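The next block is model-v2.pdb, given as PDB, C-alpha atoms.
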```pdb
MODEL        1
ATOM      1  CA  LEU U 956     217.488  82.518  45.849  1.00  0.00           C
ATOM      2  CA  PHE U 957     219.820  81.216  48.507  1.00  0.00           C
ATOM      3  CA  ARG U 958     219.901  82.290  52.132  1.00  0.00           C
ATOM      4  CA  ASP U 959     221.640  80.781  55.144  1.00  0.00           C
ATOM      5  CA  SER U 960     221.220  82.372  58.566  1.00  0.00           C
ATOM      6  CA  ASP U 961     222.059  81.532  62.143  1.00  0.00           C
ATOM      7  CA  SER U 962     220.754  83.644  65.020  1.00  0.00           C
ATOM      8  CA  SER U 963     220.109  83.549  68.739  1.00  0.00           C
ATOM      9  CA  SER U 964     218.120  85.709  71.123  1.00  0.00           C
ATOM     10  CA  GLY U 965     218.678  86.881  74.668  1.00  0.00           C
ATOM     11  CA  LEU U 966     216.129  84.269  75.772  1.00  0.00           C
ATOM     12  CA  ASP U 967     218.446  81.436  74.611  1.00  0.00           C
ATOM     13  CA  ILE U 968     216.377  80.719  71.481  1.00  0.00           C
ATOM     14  CA  THR U 969     218.482  79.690  68.478  1.00  0.00           C
ATOM     15  CA  ASP U 970     217.295  79.675  64.870  1.00  0.00           C
ATOM     16  CA  LYS U 971     219.165  78.205  61.910  1.00  0.00           C
ATOM     17  CA  VAL U 972     217.488  78.686  58.506  1.00  0.00           C
ATOM     18  CA  LEU U 973     218.497  77.482  55.037  1.00  0.00           C
ATOM     19  CA  THR U 974     216.343  78.718  52.136  1.00  0.00           C
ATOM     20  CA  PHE U 975     216.789  78.022  48.437  1.00  0.00           C
ATOM     21  CA  GLY U 976     214.630  78.447  45.362  1.00  0.00           C
ATOM     22  CA  VAL U 977     214.296  79.773  41.846  1.00  0.00           C
ATOM     23  CA  THR U 978     211.960  82.212  40.064  1.00  0.00           C
ATOM     24  CA  ALA U 979     211.379  82.678  36.331  1.00  0.00           C
ATOM     25  CA  ALA U 980     209.688  85.780  34.906  1.00  0.00           C
ATOM     26  CA  ALA U 981     208.458  86.851  31.479  1.00  0.00           C
ATOM     27  CA  GLY U 982     206.974  90.102  30.309  1.00  0.00           C
ATOM     28  CA  GLY U 983     207.226  92.960  27.873  1.00  0.00           C
ATOM     29  CA  ASN U 984     207.133  96.739  27.761  1.00  0.00           C
ATOM     30  CA  PHE U 985     204.401  98.221  25.554  1.00  0.00           C
ATOM     31  CA  TRP U 986     204.618 101.931  24.745  1.00  0.00           C
ATOM     32  CA  LEU U 987     201.361 103.879  25.076  1.00  0.00           C
ATOM     33  CA  GLY U 988     202.852 107.280  24.227  1.00  0.00           C
ATOM     34  CA  ASP U 989     206.120 109.201  24.329  1.00  0.00           C
ATOM     35  CA  ARG U 990     206.479 109.009  28.118  1.00  0.00           C
ATOM     36  CA  VAL U 991     204.070 106.253  29.223  1.00  0.00           C
ATOM     37  CA  SER U 992     204.340 102.485  28.853  1.00  0.00           C
ATOM     38  CA  PHE U 993     202.718  99.330  30.226  1.00  0.00           C
ATOM     39  CA  TRP U 994     205.031  96.583  31.577  1.00  0.00           C
ATOM     40  CA  PRO U 995     203.127  93.392  32.536  1.00  0.00           C
ATOM     41  CA  LYS U 996     205.151  90.531  34.030  1.00  0.00           C
ATOM     42  CA  LEU U 997     204.253  86.958  34.949  1.00  0.00           C
ATOM     43  CA  SER U 998     206.493  85.082  37.400  1.00  0.00           C
ATOM     44  CA  PHE U 999     206.550  81.500  38.604  1.00  0.00           C
ATOM     45  CA  GLY U1000     208.757  80.256  41.432  1.00  0.00           C
ATOM     46  CA  VAL U1001     209.510  77.450  43.829  1.00  0.00           C
ATOM     47  CA  TRP U1002     211.380  77.512  47.118  1.00  0.00           C
ATOM     48  CA  GLN U1003     212.077  75.496  50.237  1.00  0.00           C
ATOM     49  CA  SER U1004     213.069  76.683  53.701  1.00  0.00           C
ATOM     50  CA  ARG U1005     214.413  74.457  56.461  1.00  0.00           C
ATOM     51  CA  SER U1006     214.461  75.885  59.978  1.00  0.00           C
ATOM     52  CA  THR U1007     216.011  74.320  63.060  1.00  0.00           C
ATOM     53  CA  LEU U1008     214.904  76.019  66.258  1.00  0.00           C
ATOM     54  CA  SER U1009     215.901  75.409  69.832  1.00  0.00           C
ATOM     55  CA  ALA U1010     214.292  76.867  72.963  1.00  0.00           C
ATOM     56  CA  PRO U1011     215.301  75.020  76.136  1.00  0.00           C
ATOM     57  CA  MET U1012     212.488  76.743  78.051  1.00  0.00           C
ATOM     58  CA  GLY U1013     209.901  75.969  75.346  1.00  0.00           C
ATOM     59  CA  GLY U1014     207.705  78.390  73.461  1.00  0.00           C
ATOM     60  CA  SER U1015     206.040  78.606  70.071  1.00  0.00           C
ATOM     61  CA  ILE U1016     206.492  80.187  66.661  1.00  0.00           C
ATOM     62  CA  SER U1017     203.967  81.162  63.993  1.00  0.00           C
ATOM     63  CA  VAL U1018     204.682  80.300  60.359  1.00  0.00           C
ATOM     64  CA  ASN U1019     202.262  82.394  58.290  1.00  0.00           C
ATOM     65  CA  GLY U1020     199.608  82.078  60.970  1.00  0.00           C
ATOM     66  CA  THR U1021     200.124  78.382  61.793  1.00  0.00           C
ATOM     67  CA  PRO U1022     201.517  77.914  65.333  1.00  0.00           C
ATOM     68  CA  PHE U1023     204.307  75.407  66.044  1.00  0.00           C
ATOM     69  CA  PRO U1024     205.661  74.547  69.498  1.00  0.00           C
ATOM     70  CA  ILE U1025     209.421  75.000  69.954  1.00  0.00           C
ATOM     71  CA  GLY U1026     211.316  72.467  72.005  1.00  0.00           C
ATOM     72  CA  PRO U1027     214.990  71.659  72.451  1.00  0.00           C
ATOM     73  CA  ASP U1028     215.342  70.619  68.780  1.00  0.00           C
ATOM     74  CA  THR U1029     212.429  71.605  66.484  1.00  0.00           C
ATOM     75  CA  GLU U1030     212.581  71.342  62.684  1.00  0.00           C
ATOM     76  CA  ILE U1031     210.155  73.116  60.334  1.00  0.00           C
ATOM     77  CA  THR U1032     210.264  72.617  56.563  1.00  0.00           C
ATOM     78  CA  GLU U1033     208.339  74.940  54.248  1.00  0.00           C
ATOM     79  CA  ASN U1034     207.728  74.088  50.590  1.00  0.00           C
ATOM     80  CA  ALA U1035     206.177  76.514  48.146  1.00  0.00           C
ATOM     81  CA  ALA U1036     205.336  77.049  44.486  1.00  0.00           C
ATOM     82  CA  PHE U1037     203.767  80.363  43.481  1.00  0.00           C
ATOM     83  CA  VAL U1038     202.600  82.534  40.627  1.00  0.00           C
ATOM     84  CA  ASP U1039     202.883  86.330  40.633  1.00  0.00           C
ATOM     85  CA  VAL U1040     201.411  88.877  38.193  1.00  0.00           C
ATOM     86  CA  TYR U1041     202.557  92.499  38.207  1.00  0.00           C
ATOM     87  CA  ALA U1042     201.248  95.022  35.661  1.00  0.00           C
ATOM     88  CA  PRO U1043     202.593  98.539  36.266  1.00  0.00           C
ATOM     89  CA  PHE U1044     202.195 101.638  34.149  1.00  0.00           C
ATOM     90  CA  LEU U1045     205.566 103.347  33.757  1.00  0.00           C
ATOM     91  CA  PHE U1046     206.054 107.079  33.545  1.00  0.00           C
ATOM     92  CA  HIS U1047     209.366 107.914  31.858  1.00  0.00           C
ATOM     93  CA  LEU U1048     210.402 111.171  33.523  1.00  0.00           C
ATOM     94  CA  THR U1049     213.586 111.406  31.440  1.00  0.00           C
ATOM     95  CA  ARG U1050     215.034 109.289  28.651  1.00  0.00           C
ATOM     96  CA  HIS U1051     216.685 106.812  31.048  1.00  0.00           C
ATOM     97  CA  PHE U1052     214.610 107.019  34.235  1.00  0.00           C
ATOM     98  CA  PHE U1053     211.077 105.901  35.093  1.00  0.00           C
ATOM     99  CA  VAL U1054     208.669 105.500  37.984  1.00  0.00           C
ATOM    100  CA  GLY U1055     205.641 103.269  37.897  1.00  0.00           C
ATOM    101  CA  PHE U1056     202.840 101.649  39.811  1.00  0.00           C
ATOM    102  CA  GLY U1057     200.180  99.087  39.175  1.00  0.00           C
ATOM    103  CA  PRO U1058     198.317  96.059  40.486  1.00  0.00           C
ATOM    104  CA  GLU U1059     200.058  92.948  41.746  1.00  0.00           C
ATOM    105  CA  GLY U1060     198.560  89.548  42.486  1.00  0.00           C
ATOM    106  CA  TYR U1061     200.346  86.672  44.225  1.00  0.00           C
ATOM    107  CA  ALA U1062     199.010  83.174  44.883  1.00  0.00           C
ATOM    108  CA  ASP U1063     200.589  80.052  46.265  1.00  0.00           C
ATOM    109  CA  ILE U1064     199.953  76.995  44.147  1.00  0.00           C
ATOM    110  CA  VAL U1065     201.432  74.950  46.978  1.00  0.00           C
ATOM    111  CA  HIS U1066     202.596  76.145  50.379  1.00  0.00           C
ATOM    112  CA  SER U1067     203.036  73.911  53.375  1.00  0.00           C
ATOM    113  CA  ALA U1068     204.837  74.029  56.703  1.00  0.00           C
ATOM    114  CA  ASN U1069     205.653  70.523  57.980  1.00  0.00           C
ATOM    115  CA  SER U1070     203.059  69.143  55.524  1.00  0.00           C
ATOM    116  CA  ILE U1071     200.297  71.433  56.869  1.00  0.00           C
ATOM    117  CA  ASP U1072     198.649  73.273  53.965  1.00  0.00           C
ATOM    118  CA  ASN U1073     199.107  77.008  54.369  1.00  0.00           C
ATOM    119  CA  ARG U1074     198.461  78.658  50.986  1.00  0.00           C
ATOM    120  CA  ARG U1075     198.486  82.447  50.756  1.00  0.00           C
ATOM    121  CA  ARG U1076     197.016  85.012  48.355  1.00  0.00           C
ATOM    122  CA  PHE U1077     197.836  88.702  48.095  1.00  0.00           C
ATOM    123  CA  LEU U1078     196.358  91.456  45.979  1.00  0.00           C
ATOM    124  CA  GLY U1079     197.567  95.032  46.068  1.00  0.00           C
ATOM    125  CA  LEU U1080     199.373  97.916  44.411  1.00  0.00           C
ATOM    126  CA  GLU U1081     203.120  98.019  43.957  1.00  0.00           C
ATOM    127  CA  SER U1082     205.507 100.721  42.829  1.00  0.00           C
ATOM    128  CA  THR U1083     208.780 100.569  40.941  1.00  0.00           C
ATOM    129  CA  VAL U1084     211.634 102.924  40.093  1.00  0.00           C
ATOM    130  CA  GLY U1085     214.215 102.198  37.429  1.00  0.00           C
ATOM    131  CA  GLY U1086     216.611 103.446  34.877  1.00  0.00           C
ATOM    132  CA  TRP U1087     219.589 102.575  32.733  1.00  0.00           C
ATOM    133  CA  PHE U1088     222.838 104.090  31.477  1.00  0.00           C
TER     134      PHE U1088
ENDMDL
END
```
Is it possible to express this structure as structure tokens?
Amino acid sequence: LFRDSDSSSGLDITDKVLTFGVTAAAGGNFWLGDRVSFWPKLSFGVWQSRSTLSAPMGGSISVNGTPFPIGPDTEITENAAFVDVYAPFLFHLTRHFFVGFGPEGYADIVHSANSIDNRRRFLGLESTVGGWF
């Protein structure tokens, strides 16, 4: 993961963000029948994001629910390490095309914004579509 962005608003607020990280995933596809399979995956990742914000008139920004004041030169650094589990059932509609859905769970092992702990957890359902030639 690498992202570099530079933006400004009509209110003279500028935002420069550099994000980098890496994610590793492991899993397997287990056939349950001719057209149905189970594809659990476990992912682990780390990332860091460095934001430089400027608002000459002041203001504030929320980073995952934690408010930060914005001044003429504000820097916010986020650090994160996470684990993600996704376990969809796949329905193979043709030989080389599938759709699927299943539960997903995400949890931050570490997540901070300017050294303020801000861990997140998500649980939900996710869908996927795929195929190959």
Q.
For the provided coordinates, the residues matched by the PyMOL selection byres ((chain U and resi 1025) around 12) should be stated as a list in words.
A.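 Given this file, the PyMOL selection byres ((chain U and resi 1025) around 12) evaluates to Ile968, Thr969, Asp970, Ser1006, Thr1007, Leu1008, Ser1009, Ala1010, Pro1011, Met1012, Gly1013, Gly1014, Ser1015, Ile1016, Ser1017, Val1018, Pro1022, Phe1023, Pro1024, Gly1026, Pro1027, Asp1028, Thr1029, Glu1030 and Ile1031 of chain U.
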Q. So which one's closest to Gly1085 (chain U), U:Asn1073, U:Ser964, U:Ser1067, U:Thr1049? Using only C-alpha atoms, please.
A. U:Thr1049
Give me, as a tab-separated table, each residue of region 961-1021 of chain U that comes within 6 Å of region 1033-1040 of chain U, together with its shortest interatomic pair and the distance in Å at one decimal, counting all atoms listed in the file, with rows ordered by chain and rising residue number.
```
residue	atom	partner	partner_atom	distance
U:Lys996	CA	U:Val1040	CA	5.8
U:Leu997	CA	U:Val1040	CA	4.7
U:Ser998	CA	U:Asp1039	CA	5.0
U:Phe999	CA	U:Val1038	CA	4.6
U:Gly1000	CA	U:Phe1037	CA	5.4
U:Val1001	CA	U:Ala1036	CA	4.2
U:Trp1002	CA	U:Ala1035	CA	5.4
U:Gln1003	CA	U:Asn1034	CA	4.6
U:Ser1004	CA	U:Glu1033	CA	5.1
```
Q. Between CA of Asn984 (chain U) and CA of Gly1060 (chain U), what is the spacing in Å?
A.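 CA of Gly1060 (chain U) sits 18.5 Å away from CA of Asn984 (chain U).
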**Q.** Test item: residues at most 8 Å from Arg1074 (chain U), all atoms listed in the file, excluding those fewer than 5 positions along its chain, as a list in words
**A.**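 The filter keeps Ala1062, Asp1063, Ile1064, Val1065, His1066 and Ser1067 of chain U.
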**Q.** Separation of CA of Leu973 (chain U) from CA of Arg1075 (chain U), in Å and rounded to one decimal
**A.**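 Result for CA of Leu973 (chain U) versus CA of Arg1075 (chain U): 21.1 Å, one decimal.
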Q | Distance query Phe1056 (chain U) at most 6 Å, only C-alpha atoms, self and fewer than 5 positions along chain excluded, as an MDAnalysis selection string | A | chainID U and resid 1043:1044 1081:1082
Could you tell me, as a compact mmCIF listing (two decimals) with C-alpha atoms, keeping the file's coordinate frame, exactly which residues end up selected when the PyMOL selection byres ((chain U and resi 985) around 12) is applied to this structure?
```txt
# COMPACT_ATOMS: atom_id res chain seq x y z
CA GLY U 982 206.97 90.10 30.31
CA GLY U 983 207.23 92.96 27.87
CA ASN U 984 207.13 96.74 27.76
CA TRP U 986 204.62 101.93 24.74
CA LEU U 987 201.36 103.88 25.08
CA GLY U 988 202.85 107.28 24.23
CA ASP U 989 206.12 109.20 24.33
CA ARG U 990 206.48 109.01 28.12
CA VAL U 991 204.07 106.25 29.22
CA SER U 992 204.34 102.48 28.85
CA PHE U 993 202.72 99.33 30.23
CA TRP U 994 205.03 96.58 31.58
CA PRO U 995 203.13 93.39 32.54
CA LYS U 996 205.15 90.53 34.03
CA ALA U 1042 201.25 95.02 35.66
CA PRO U 1043 202.59 98.54 36.27
CA PHE U 1044 202.20 101.64 34.15
CA LEU U 1045 205.57 103.35 33.76
```
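If you measure from each of U:Ser963, U:Val1054, U:Arg958, U:Thr1021 to Phe975 (chain U) using all atoms listed in the file, the closest one turns out to be U:Arg958.
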Q. Of the candidates U:Arg1005, U:Gly1086, U:Leu1078, U:Ala1068, which shows the shortest atom-to-atom distance to Ser960 (chain U), using only C-alpha atoms?
A.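 For Ser960 (chain U), the nearest of the given residues is U:Arg1005.
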